[in-house]
Amino acid sequence: MGNVLVFAEHHAQKVLKTTQVAIAAGKDAAAKSGGECQAVVLGSGVDAVANEVAEYGVKVYVVDDAALANYTADAHAAALAQVVNEKGAATLVAAATAVGKDLLPRVAALLGAGMASDVMAFNADGSLERPMYAGNAIATVSITSAQKVVSVRTTAFDPAAKGGSKGAVEKVAAGIDADSKKTKFVSFNEVKSDRPVLTEASIIVSGGRALKSGENFKTVLEPLVDALGAAMGASRAAVDAGFVPNDLQVGQTGKVVAPALYIAVGISGAIQHLAGMKDSKIIVAINKDAEAPIFQVADYGLVADLFKAVPEMTEEVKKLK
Amino acid sequence: MKILVTVKRVPDPNAAIKVKPDGTGIDTTNLKYVVNPFDEIAVEEALRIKEKGGGAEVVLVSVGDKVASEQLRTGLAMGADRAILVLAPADLDSLGVARIFHKLATDEKADLVLMGKQAIDDDSNQTGQMLAALLGWPQATFASKAESLDSEAEKNSQPGIQLSGGTAKVMREVDGGLETLECPLPAVITVDLRLNTPRYASLPGIMKARKKELKEIAADSLGVDIAPQTKILKLSPPPKRQAGRTVESVQELVQVLHNEAKAI
Ligand SMILES: Cc1cc2nc3c(=O)[nH]c(=O)nc-3n(C[C@H](O)[C@H](O)[C@H](O)COP(=O)(O)OP(=O)(O)OC[C@H]3O[C@@H](n4cnc5c(N)ncnc54)[C@H](O)[C@@H]3O)c2cc1C
Ligand SMILES: Nc1ncnc2c1ncn2[C@@H]1O[C@H](COP(=O)(O)O)[C@@H](O)[C@H]1O
């Protein structure tokens, strides 16, 4: 019983695809618990965002306050906990994005509520499924507190579509005092790219340590990425070595993705990497070592030197167009 | 300046983890345990801050079984000053652990709590944020830095977290790039992989660590409500992927992806 409140993350006046996933998860949870799915938008000057969220057929609470202009965990958590309590939501749901991961546990502690992260499914009996040990185990968990907080894996639910009767939008006053906003946002160094976002792409080409340099990512891997209209990902080894930005790391402690096609190039397939991509629909591995563990999860494996195979593949793909 | 660093005992990330057939847990036969890799990075960062001067004390804290003292000794051997182990039942959840740390941070009058962003056993990524909320402190999660792990600054063991005039300036790994925040101390900071490369404990360090204070406290003596709000009902092995096949050439690969899988 009880309503489900979805935290609707937005960026630059846009409702994120991960938010559509959270709405879908929230609707699923509400259907199973017999409650209503609602959403909450926090920010400054976010009427348009709130209206757009309402088009997914959910009632929207909006806290519009200058203190929420830039995301900071302390101010957002204070506002969110207030909305949960005031509106009597039983379950708070958000996507397990960087913001969701930062924010939700803080709200859970303010509420004194139990929390489950990275949830993959809501069961009919109220229990939840979530991965542990880098995906080596799937735990069935129950949250026993009256209020519950859940972050959901963005690959585990299909994004909600707009439709149904548009929800009402209701303003809620924040009451964020100086004590609940001690953090100061300084700057955001955005990695600009014309390619699809990793978590939204239907094709991902990821490179590993074997690429050897940032230069090789550019000259060898990127032409294939672009020929396929794909997003680019990477292993931790490639990111640690500084070949590509942090934001591209796929894995247990990076991004979790599940595109229609995932091509792993020069990646060995450590369990921590697999944890972030093994739910992809089709997995291709290109690796010169036939024994590499990545081949155990690959639908199609090519044992080859990537420096020869990748440029060839780029040419073959171009021929298809 | 007092820095509390949380250290969790977790299975070796390189170990193959198997769920027990009865679903009650993982098979721990011959399993090796280590300091949670993120917590090692947190310890390293605390030591760098201390070594930069200003007279910091680095106190390690852990919650768990008596055997977790091994991991605390490892942190002491890296150079931390002393350690506290809170003995607690295994069914604690993140909120329970955070409540224990809340009590310790308050009693110790900590100025900064450094933690890993995620424990690699439960993969929760919750405890630091919960602790910050309970303390009413600001938080900066997923701390990273601009310089790569191959940079000169890294070779010179420069801290990535900038502390000055009672504020911490932290660069964070977020979706789409790196964000910079400033928060007044006291604060909770959780660390990500690219913040530093942790040192190994030296032999003299290991010898010294044996004599450092490691205090054990029973959780129920703290007067903290640690009743779990979440419960693991069972563990199951993950679904297995069907084995695929190898292709002989790039041409064949592109053909099957186009014609058979219809993926490109
Ligand atoms: C706490 C923790 C968290 C972690 N989180 C993550 C995570 O989120 N994501 C992640 O990816 N990793 C993560 N890791 C690291 C993980 O364990 C591996 O170390 C990492 O994934 C290895 O990256 P790699 O496959 O690129 O490199 P390697 O393991 O070095 O593999 C390189 C591969 O390239 C192949 N190769 C070499 N040359 C060529 C060539 N010319 N042509 C074709 N193939 C070639 C080799 O055969 C090899 O298989 C984590 C580790 C820890 C401890
Ligand atoms: N039982 C524990 N003992 C020590 N530290 C812990 C414990 N549980 C969690 N932590 C700390 O909290 C961080 C995040 O853990 P988690 O929220 O479980 O992913 C870890 O990196 C540890 O630093």
# chains A, B, ... in the order shown; residues from 1 in each chain; ligands from 1

call {"tool": "closest_atom_pairs", "arguments": {"of": "chain B", "to": "ligand 2", "cutoff": "6 Å", "atoms": "only C-alpha atoms and all ligand atoms", "output": "tab-separated table"}}
result
residue	atom	partner	partner_atom_place_in_ligand_line	distance
B:Thr6	CA	ligand 2	23 (O)	4.3
B:Val7	CA	ligand 2	4 (C)	4.3
B:Lys8	CA	ligand 2	4 (C)	3.8
B:Phe38	CA	ligand 2	21 (O)	5.6
B:Asp39	CA	ligand 2	23 (O)	5.1
B:Ser62	CA	ligand 2	4 (C)	3.7
B:Val63	CA	ligand 2	3 (N)	3.9
B:Gly64	CA	ligand 2	1 (N)	5.2
B:Ser94	CA	ligand 2	17 (O)	5.8
B:Val97	CA	ligand 2	8 (N)	5.9
B:Met115	CA	ligand 2	23 (O)	4.1
B:Gly116	CA	ligand 2	21 (O)	3.2
B:Lys117	CA	ligand 2	14 (C)	5.0
B:Gln118	CA	ligand 2	19 (O)	3.4
B:Ala119	CA	ligand 2	19 (O)	3.8
B:Asp122	CA	ligand 2	18 (O)	5.6
B:Asp123	CA	ligand 2	19 (O)	4.8
B:Ser124	CA	ligand 2	19 (O)	3.8
B:Asn125	CA	ligand 2	19 (O)	3.6
B:Gln126	CA	ligand 2	17 (O)	3.6
B:Thr127	CA	ligand 2	17 (O)	3.8
B:Gly128	CA	ligand 2	12 (O)	5.6

call {"tool": "interface_residues", "arguments": {"of": "chain B", "to": "chain A", "cutoff": "6 Å", "atoms": "only C-alpha atoms", "output": "MDAnalysis selection string"}}
result
chainID B and resid 121:124 126 129:130 133 138 148 174:183 229:238 244:247 250

call {"tool": "closest_atom_pairs", "arguments": {"of": "chain A", "to": "ligand 1", "cutoff": "7 Å", "atoms": "only C-alpha atoms and all ligand atoms", "output": "JSON lines"}}
result
{"residue": "A:Gly207", "atom": "CA", "partner": "ligand 1", "partner_atom_place_in_ligand_line": "26 (O)", "distance": 6.8}
{"residue": "A:Gly208", "atom": "CA", "partner": "ligand 1", "partner_atom_place_in_ligand_line": "26 (O)", "distance": 3.2}
{"residue": "A:Arg209", "atom": "CA", "partner": "ligand 1", "partner_atom_place_in_ligand_line": "26 (O)", "distance": 3.8}
{"residue": "A:Ala210", "atom": "CA", "partner": "ligand 1", "partner_atom_place_in_ligand_line": "37 (C)", "distance": 4.2}
{"residue": "A:Ala234", "atom": "CA", "partner": "ligand 1", "partner_atom_place_in_ligand_line": "11 (O)", "distance": 6.7}
{"residue": "A:Ser235", "atom": "CA", "partner": "ligand 1", "partner_atom_place_in_ligand_line": "11 (O)", "distance": 3.4}
{"residue": "A:Arg236", "atom": "CA", "partner": "ligand 1", "partner_atom_place_in_ligand_line": "10 (C)", "distance": 4.0}
{"residue": "A:Ala237", "atom": "CA", "partner": "ligand 1", "partner_atom_place_in_ligand_line": "23 (O)", "distance": 4.3}
{"residue": "A:Ala238", "atom": "CA", "partner": "ligand 1", "partner_atom_place_in_ligand_line": "26 (O)", "distance": 5.6}
{"residue": "A:Gln249", "atom": "CA", "partner": "ligand 1", "partner_atom_place_in_ligand_line": "9 (N)", "distance": 5.7}
{"residue": "A:Val250", "atom": "CA", "partner": "ligand 1", "partner_atom_place_in_ligand_line": "9 (N)", "distance": 4.9}
{"residue": "A:Gly251", "atom": "CA", "partner": "ligand 1", "partner_atom_place_in_ligand_line": "8 (O)", "distance": 3.2}
{"residue": "A:Gln252", "atom": "CA", "partner": "ligand 1", "partner_atom_place_in_ligand_line": "8 (O)", "distance": 4.2}
{"residue": "A:Thr253", "atom": "CA", "partner": "ligand 1", "partner_atom_place_in_ligand_line": "8 (O)", "distance": 3.8}
{"residue": "A:Gly254", "atom": "CA", "partner": "ligand 1", "partner_atom_place_in_ligand_line": "8 (O)", "distance": 4.2}
{"residue": "A:Val265", "atom": "CA", "partner": "ligand 1", "partner_atom_place_in_ligand_line": "43 (C)", "distance": 6.7}
{"residue": "A:Gly266", "atom": "CA", "partner": "ligand 1", "partner_atom_place_in_ligand_line": "34 (O)", "distance": 3.6}
{"residue": "A:Ile267", "atom": "CA", "partner": "ligand 1", "partner_atom_place_in_ligand_line": "25 (O)", "distance": 3.4}
{"residue": "A:Ser268", "atom": "CA", "partner": "ligand 1", "partner_atom_place_in_ligand_line": "49 (O)", "distance": 3.3}
{"residue": "A:Gly269", "atom": "CA", "partner": "ligand 1", "partner_atom_place_in_ligand_line": "25 (O)", "distance": 5.5}
{"residue": "A:Ala270", "atom": "CA", "partner": "ligand 1", "partner_atom_place_in_ligand_line": "21 (O)", "distance": 5.0}
{"residue": "A:Ile271", "atom": "CA", "partner": "ligand 1", "partner_atom_place_in_ligand_line": "17 (O)", "distance": 6.5}
{"residue": "A:Gln272", "atom": "CA", "partner": "ligand 1", "partner_atom_place_in_ligand_line": "6 (C)", "distance": 4.6}
{"residue": "A:His273", "atom": "CA", "partner": "ligand 1", "partner_atom_place_in_ligand_line": "11 (O)", "distance": 3.8}
{"residue": "A:Gly276", "atom": "CA", "partner": "ligand 1", "partner_atom_place_in_ligand_line": "8 (O)", "distance": 6.8}
{"residue": "A:Ile286", "atom": "CA", "partner": "ligand 1", "partner_atom_place_in_ligand_line": "43 (C)", "distance": 6.1}
{"residue": "A:Asn287", "atom": "CA", "partner": "ligand 1", "partner_atom_place_in_ligand_line": "44 (N)", "distance": 3.6}
{"residue": "A:Lys288", "atom": "CA", "partner": "ligand 1", "partner_atom_place_in_ligand_line": "43 (C)", "distance": 4.1}
{"residue": "A:Asp289", "atom": "CA", "partner": "ligand 1", "partner_atom_place_in_ligand_line": "47 (O)", "distance": 4.4}
{"residue": "A:Ala292", "atom": "CA", "partner": "ligand 1", "partner_atom_place_in_ligand_line": "49 (O)", "distance": 5.1}
{"residue": "A:Ala304", "atom": "CA", "partner": "ligand 1", "partner_atom_place_in_ligand_line": "43 (C)", "distance": 5.8}
{"residue": "A:Asp305", "atom": "CA", "partner": "ligand 1", "partner_atom_place_in_ligand_line": "42 (N)", "distance": 3.6}
{"residue": "A:Leu306", "atom": "CA", "partner": "ligand 1", "partner_atom_place_in_ligand_line": "42 (N)", "distance": 3.8}
{"residue": "A:Phe307", "atom": "CA", "partner": "ligand 1", "partner_atom_place_in_ligand_line": "41 (N)", "distance": 5.9}

call {"tool": "write_last_selection", "arguments": {"atoms": "C-alpha atoms", "output": "mmCIF file, in the first residue's frame"}}
result
data_model
loop_
_atom_site.group_PDB
_atom_site.id
_atom_site.type_symbol
_atom_site.label_atom_id
_atom_site.label_comp_id
_atom_site.auth_asym_id
_atom_site.auth_seq_id
_atom_site.Cartn_x
_atom_site.Cartn_y
_atom_site.Cartn_z
ATOM 1 C CA GLY A 207 38.085 -0.097 -25.572
ATOM 2 C CA GLY A 208 40.486 -1.521 -23.015
ATOM 3 C CA ARG A 209 44.092 -1.316 -21.947
ATOM 4 C CA ALA A 210 45.117 -2.939 -25.226
ATOM 5 C CA ALA A 234 36.044 1.896 -21.758
ATOM 6 C CA SER A 235 37.428 -0.448 -19.141
ATOM 7 C CA ARG A 236 38.796 0.816 -15.848
ATOM 8 C CA ALA A 237 42.343 0.121 -17.025
ATOM 9 C CA ALA A 238 41.873 2.466 -20.003
ATOM 10 C CA GLN A 249 34.052 3.557 -17.477
ATOM 11 C CA VAL A 250 31.688 0.630 -17.762
ATOM 12 C CA GLY A 251 31.452 -1.783 -14.869
ATOM 13 C CA GLN A 252 30.688 -2.590 -11.258
ATOM 14 C CA THR A 253 31.901 0.791 -10.124
ATOM 15 C CA GLY A 254 31.284 2.703 -13.339
ATOM 16 C CA VAL A 265 37.761 -4.314 -28.004
ATOM 17 C CA GLY A 266 40.965 -5.331 -26.231
ATOM 18 C CA ILE A 267 39.142 -5.869 -22.951
ATOM 19 C CA SER A 268 39.912 -9.017 -20.976
ATOM 20 C CA GLY A 269 36.494 -9.348 -19.349
ATOM 21 C CA ALA A 270 37.255 -9.017 -15.637
ATOM 22 C CA ILE A 271 34.211 -9.654 -13.464
ATOM 23 C CA GLN A 272 34.080 -5.942 -12.569
ATOM 24 C CA HIS A 273 33.763 -5.045 -16.242
ATOM 25 C CA GLY A 276 28.434 -3.339 -16.171
ATOM 26 C CA ILE A 286 37.633 -8.702 -30.239
ATOM 27 C CA ASN A 287 40.701 -9.921 -28.392
ATOM 28 C CA LYS A 288 43.950 -11.531 -29.480
ATOM 29 C CA ASP A 289 43.892 -13.976 -26.582
ATOM 30 C CA ALA A 292 40.261 -14.142 -22.488
ATOM 31 C CA ALA A 304 42.475 -11.079 -33.689
ATOM 32 C CA ASP A 305 44.837 -8.169 -33.248
ATOM 33 C CA LEU A 306 42.620 -5.154 -32.764
ATOM 34 C CA PHE A 307 44.989 -2.835 -34.634
#

call {"tool": "residues_around", "arguments": {"residues": "Leu135 (chain B)", "least_positions_apart": "6", "cutoff": "12 Å", "atoms": "only C-alpha atoms", "output": "ChimeraX atom specification"}}
result
/A:74,106,109-110,179-180 /B:98-107,109-113,128-129,185-188

call {"tool": "residues_around", "arguments": {"residues": "region 28-35 of chain A", "least_positions_apart": "2", "cutoff": "12 Å", "atoms": "only C-alpha atoms", "output": "ChimeraX atom specification"}}
result
/A:1-6,21-26,37-39,58,88-94,119-128,148-152,156-160

call {"tool": "select_by_dssp", "arguments": {"residues": "region 263-298 of chain A", "states": "helix (DSSP H, G or I)", "output": "ChimeraX atom specification"}}
result
/A:271-274,293-296

call {"tool": "atom_distance", "arguments": {"atom1": "CA of Val46 (chain A)", "atom2": "CA of Asp65 (chain A)"}}
result
9.3 Å

call {"tool": "residues_around", "arguments": {"residues": "Met207 (chain B)", "least_positions_apart": "5", "cutoff": "12 Å", "atoms": "only C-alpha atoms", "output": "mmCIF file with N, CA and C atoms, in the first residue's frame"}}
result
data_model
loop_
_atom_site.group_PDB
_atom_site.id
_atom_site.type_symbol
_atom_site.label_atom_id
_atom_site.label_comp_id
_atom_site.auth_asym_id
_atom_site.auth_seq_id
_atom_site.Cartn_x
_atom_site.Cartn_y
_atom_site.Cartn_z
ATOM 1 N N ARG B 73 44.697 -3.509 10.837
ATOM 2 C CA ARG B 73 46.167 -3.577 10.961
ATOM 3 C C ARG B 73 46.819 -3.183 9.634
ATOM 4 N N THR B 74 46.226 -3.609 8.540
ATOM 5 C CA THR B 74 46.773 -3.235 7.233
ATOM 6 C C THR B 74 46.790 -1.715 7.087
ATOM 7 N N LEU B 76 46.793 0.464 9.505
ATOM 8 C CA LEU B 76 47.770 1.004 10.469
ATOM 9 C C LEU B 76 49.184 0.859 9.899
ATOM 10 N N ALA B 77 49.410 -0.262 9.198
ATOM 11 C CA ALA B 77 50.726 -0.483 8.601
ATOM 12 C C ALA B 77 50.987 0.510 7.470
ATOM 13 N N MET B 78 49.937 0.957 6.803
ATOM 14 C CA MET B 78 50.103 1.989 5.773
ATOM 15 C C MET B 78 50.521 3.312 6.415
ATOM 16 N N GLY B 79 50.149 3.504 7.694
ATOM 17 C CA GLY B 79 50.578 4.730 8.371
ATOM 18 C C GLY B 79 49.534 5.406 9.244
ATOM 19 N N ALA B 201 51.926 -1.252 2.376
ATOM 20 C CA ALA B 201 52.496 -1.169 3.712
ATOM 21 C C ALA B 201 53.949 -1.632 3.624
ATOM 22 N N SER B 202 54.852 -0.852 4.226
ATOM 23 C CA SER B 202 56.261 -1.241 4.224
ATOM 24 C C SER B 202 56.499 -2.222 5.371
ATOM 25 N N LYS B 212 50.491 -0.234 17.513
ATOM 26 C CA LYS B 212 49.514 0.857 17.523
ATOM 27 C C LYS B 212 48.216 0.426 18.196
#

call {"tool": "select_by_dssp", "arguments": {"residues": "region 20-57 of chain B", "states": "strand (DSSP E or B)", "output": "ChimeraX atom specification"}}
result
/B:26,33-35,57

call {"tool": "residues_around", "arguments": {"residues": "region 66-72 of chain B", "least_positions_apart": "3", "cutoff": "7 Å", "atoms": "only C-alpha atoms", "output": "number ranges by chain"}}
result
B: 7, 9, 34-35, 60, 75-76, 83, 85, 87

call {"tool": "write_last_selection", "arguments": {"atoms": "N, CA and C atoms", "output": "PDB file, in the first residue's frame"}}
result
ATOM      1  N   VAL B   7      37.042   1.571   7.202  1.00  0.00           N
ATOM      2  CA  VAL B   7      37.743   0.458   6.557  1.00  0.00           C
ATOM      3  C   VAL B   7      36.880  -0.786   6.685  1.00  0.00           C
ATOM      4  N   ARG B   9      36.168  -4.846   5.803  1.00  0.00           N
ATOM      5  CA  ARG B   9      36.739  -6.135   5.382  1.00  0.00           C
ATOM      6  C   ARG B   9      35.814  -6.725   4.319  1.00  0.00           C
ATOM      7  N   VAL B  34      40.279  -8.753   2.080  1.00  0.00           N
ATOM      8  CA  VAL B  34      41.169  -7.589   1.946  1.00  0.00           C
ATOM      9  C   VAL B  34      40.462  -6.344   2.480  1.00  0.00           C
ATOM     10  N   VAL B  35      41.185  -5.239   2.506  1.00  0.00           N
ATOM     11  CA  VAL B  35      40.573  -3.938   2.766  1.00  0.00           C
ATOM     12  C   VAL B  35      39.785  -3.572   1.515  1.00  0.00           C
ATOM     13  N   LEU B  60      41.318   4.988  12.087  1.00  0.00           N
ATOM     14  CA  LEU B  60      40.556   4.045  11.263  1.00  0.00           C
ATOM     15  C   LEU B  60      39.397   3.478  12.064  1.00  0.00           C
ATOM     16  N   GLY B  75      45.697  -1.082   7.476  1.00  0.00           N
ATOM     17  CA  GLY B  75      45.627   0.384   7.395  1.00  0.00           C
ATOM     18  C   GLY B  75      46.609   1.046   8.344  1.00  0.00           C
ATOM     19  N   LEU B  76      46.793   0.464   9.505  1.00  0.00           N
ATOM     20  CA  LEU B  76      47.770   1.004  10.469  1.00  0.00           C
ATOM     21  C   LEU B  76      49.184   0.859   9.899  1.00  0.00           C
ATOM     22  N   ALA B  83      43.173   2.713  15.647  1.00  0.00           N
ATOM     23  CA  ALA B  83      41.988   2.130  15.023  1.00  0.00           C
ATOM     24  C   ALA B  83      40.947   1.742  16.058  1.00  0.00           C
ATOM     25  N   LEU B  85      37.538  -0.824  16.322  1.00  0.00           N
ATOM     26  CA  LEU B  85      36.699  -1.847  15.696  1.00  0.00           C
ATOM     27  C   LEU B  85      35.437  -2.010  16.539  1.00  0.00           C
ATOM     28  N   LEU B  87      32.430  -4.213  17.265  1.00  0.00           N
ATOM     29  CA  LEU B  87      31.982  -5.587  17.044  1.00  0.00           C
ATOM     30  C   LEU B  87      30.462  -5.607  16.947  1.00  0.00           C
TER      31      LEU B  87
END

call {"tool": "atom_distance", "arguments": {"atom1": "CA of Glu52 (chain A)", "atom2": "CA of Lys27 (chain A)"}}
result
16.6 Å

call {"tool": "residues_around", "arguments": {"residues": "region 194-197 of chain B", "least_positions_apart": "3", "cutoff": "10 Å", "atoms": "only C-alpha atoms", "output": "ChimeraX atom specification"}}
result
/A:236,239-242,246 /B:38,40-42,44-45,48,142-150,153-155,157-161,171-173,191,200

call {"tool": "write_last_selection", "arguments": {"atoms": "C-alpha atoms", "output": "PDB file, in the first residue's frame"}}
result
ATOM      1  CA  ARG A 236      38.796   0.816 -15.848  1.00  0.00           C
ATOM      2  CA  VAL A 239      40.351   5.187 -17.835  1.00  0.00           C
ATOM      3  CA  ASP A 240      42.948   4.890 -15.066  1.00  0.00           C
ATOM      4  CA  ALA A 241      45.689   5.246 -17.653  1.00  0.00           C
ATOM      5  CA  GLY A 242      44.059   8.502 -18.750  1.00  0.00           C
ATOM      6  CA  ASN A 246      36.263   8.821 -16.254  1.00  0.00           C
TER       7      ASN A 246
ATOM      8  CA  PHE B  38      37.953   2.144  -2.170  1.00  0.00           C
ATOM      9  CA  GLU B  40      42.461   1.842   0.756  1.00  0.00           C
ATOM     10  CA  ILE B  41      42.223   4.927  -1.428  1.00  0.00           C
ATOM     11  CA  ALA B  42      40.534   6.775   1.453  1.00  0.00           C
ATOM     12  CA  GLU B  44      45.942   6.883   1.316  1.00  0.00           C
ATOM     13  CA  GLU B  45      44.252  10.259   0.900  1.00  0.00           C
ATOM     14  CA  ARG B  48      48.665  12.439   2.188  1.00  0.00           C
ATOM     15  CA  PHE B 142      32.970  10.123  -5.645  1.00  0.00           C
ATOM     16  CA  ALA B 143      36.033  12.318  -5.055  1.00  0.00           C
ATOM     17  CA  SER B 144      38.482  12.276  -7.922  1.00  0.00           C
ATOM     18  CA  LYS B 145      41.070  14.620  -9.341  1.00  0.00           C
ATOM     19  CA  ALA B 146      42.001  16.307 -12.579  1.00  0.00           C
ATOM     20  CA  GLU B 147      45.486  14.812 -12.875  1.00  0.00           C
ATOM     21  CA  SER B 148      45.775  11.234 -14.064  1.00  0.00           C
ATOM     22  CA  LEU B 149      47.205   8.433 -11.967  1.00  0.00           C
ATOM     23  CA  ASP B 150      50.336   8.686 -14.146  1.00  0.00           C
ATOM     24  CA  ALA B 153      51.429  15.253  -8.831  1.00  0.00           C
ATOM     25  CA  GLU B 154      50.498  11.639  -8.254  1.00  0.00           C
ATOM     26  CA  LYS B 155      54.132  10.514  -8.200  1.00  0.00           C
ATOM     27  CA  SER B 157      51.809  11.850  -3.499  1.00  0.00           C
ATOM     28  CA  GLN B 158      49.911  15.123  -3.606  1.00  0.00           C
ATOM     29  CA  PRO B 159      46.434  14.909  -2.080  1.00  0.00           C
ATOM     30  CA  GLY B 160      43.599  15.374  -4.570  1.00  0.00           C
ATOM     31  CA  ILE B 161      41.270  16.837  -1.960  1.00  0.00           C
ATOM     32  CA  MET B 171      36.393  17.302  -7.619  1.00  0.00           C
ATOM     33  CA  ARG B 172      33.757  14.624  -8.163  1.00  0.00           C
ATOM     34  CA  GLU B 173      33.127  12.041 -10.858  1.00  0.00           C
ATOM     35  CA  VAL B 191      36.358   8.493  -2.719  1.00  0.00           C
ATOM     36  CA  TYR B 200      51.759  -0.640   0.060  1.00  0.00           C
TER      37      TYR B 200
END
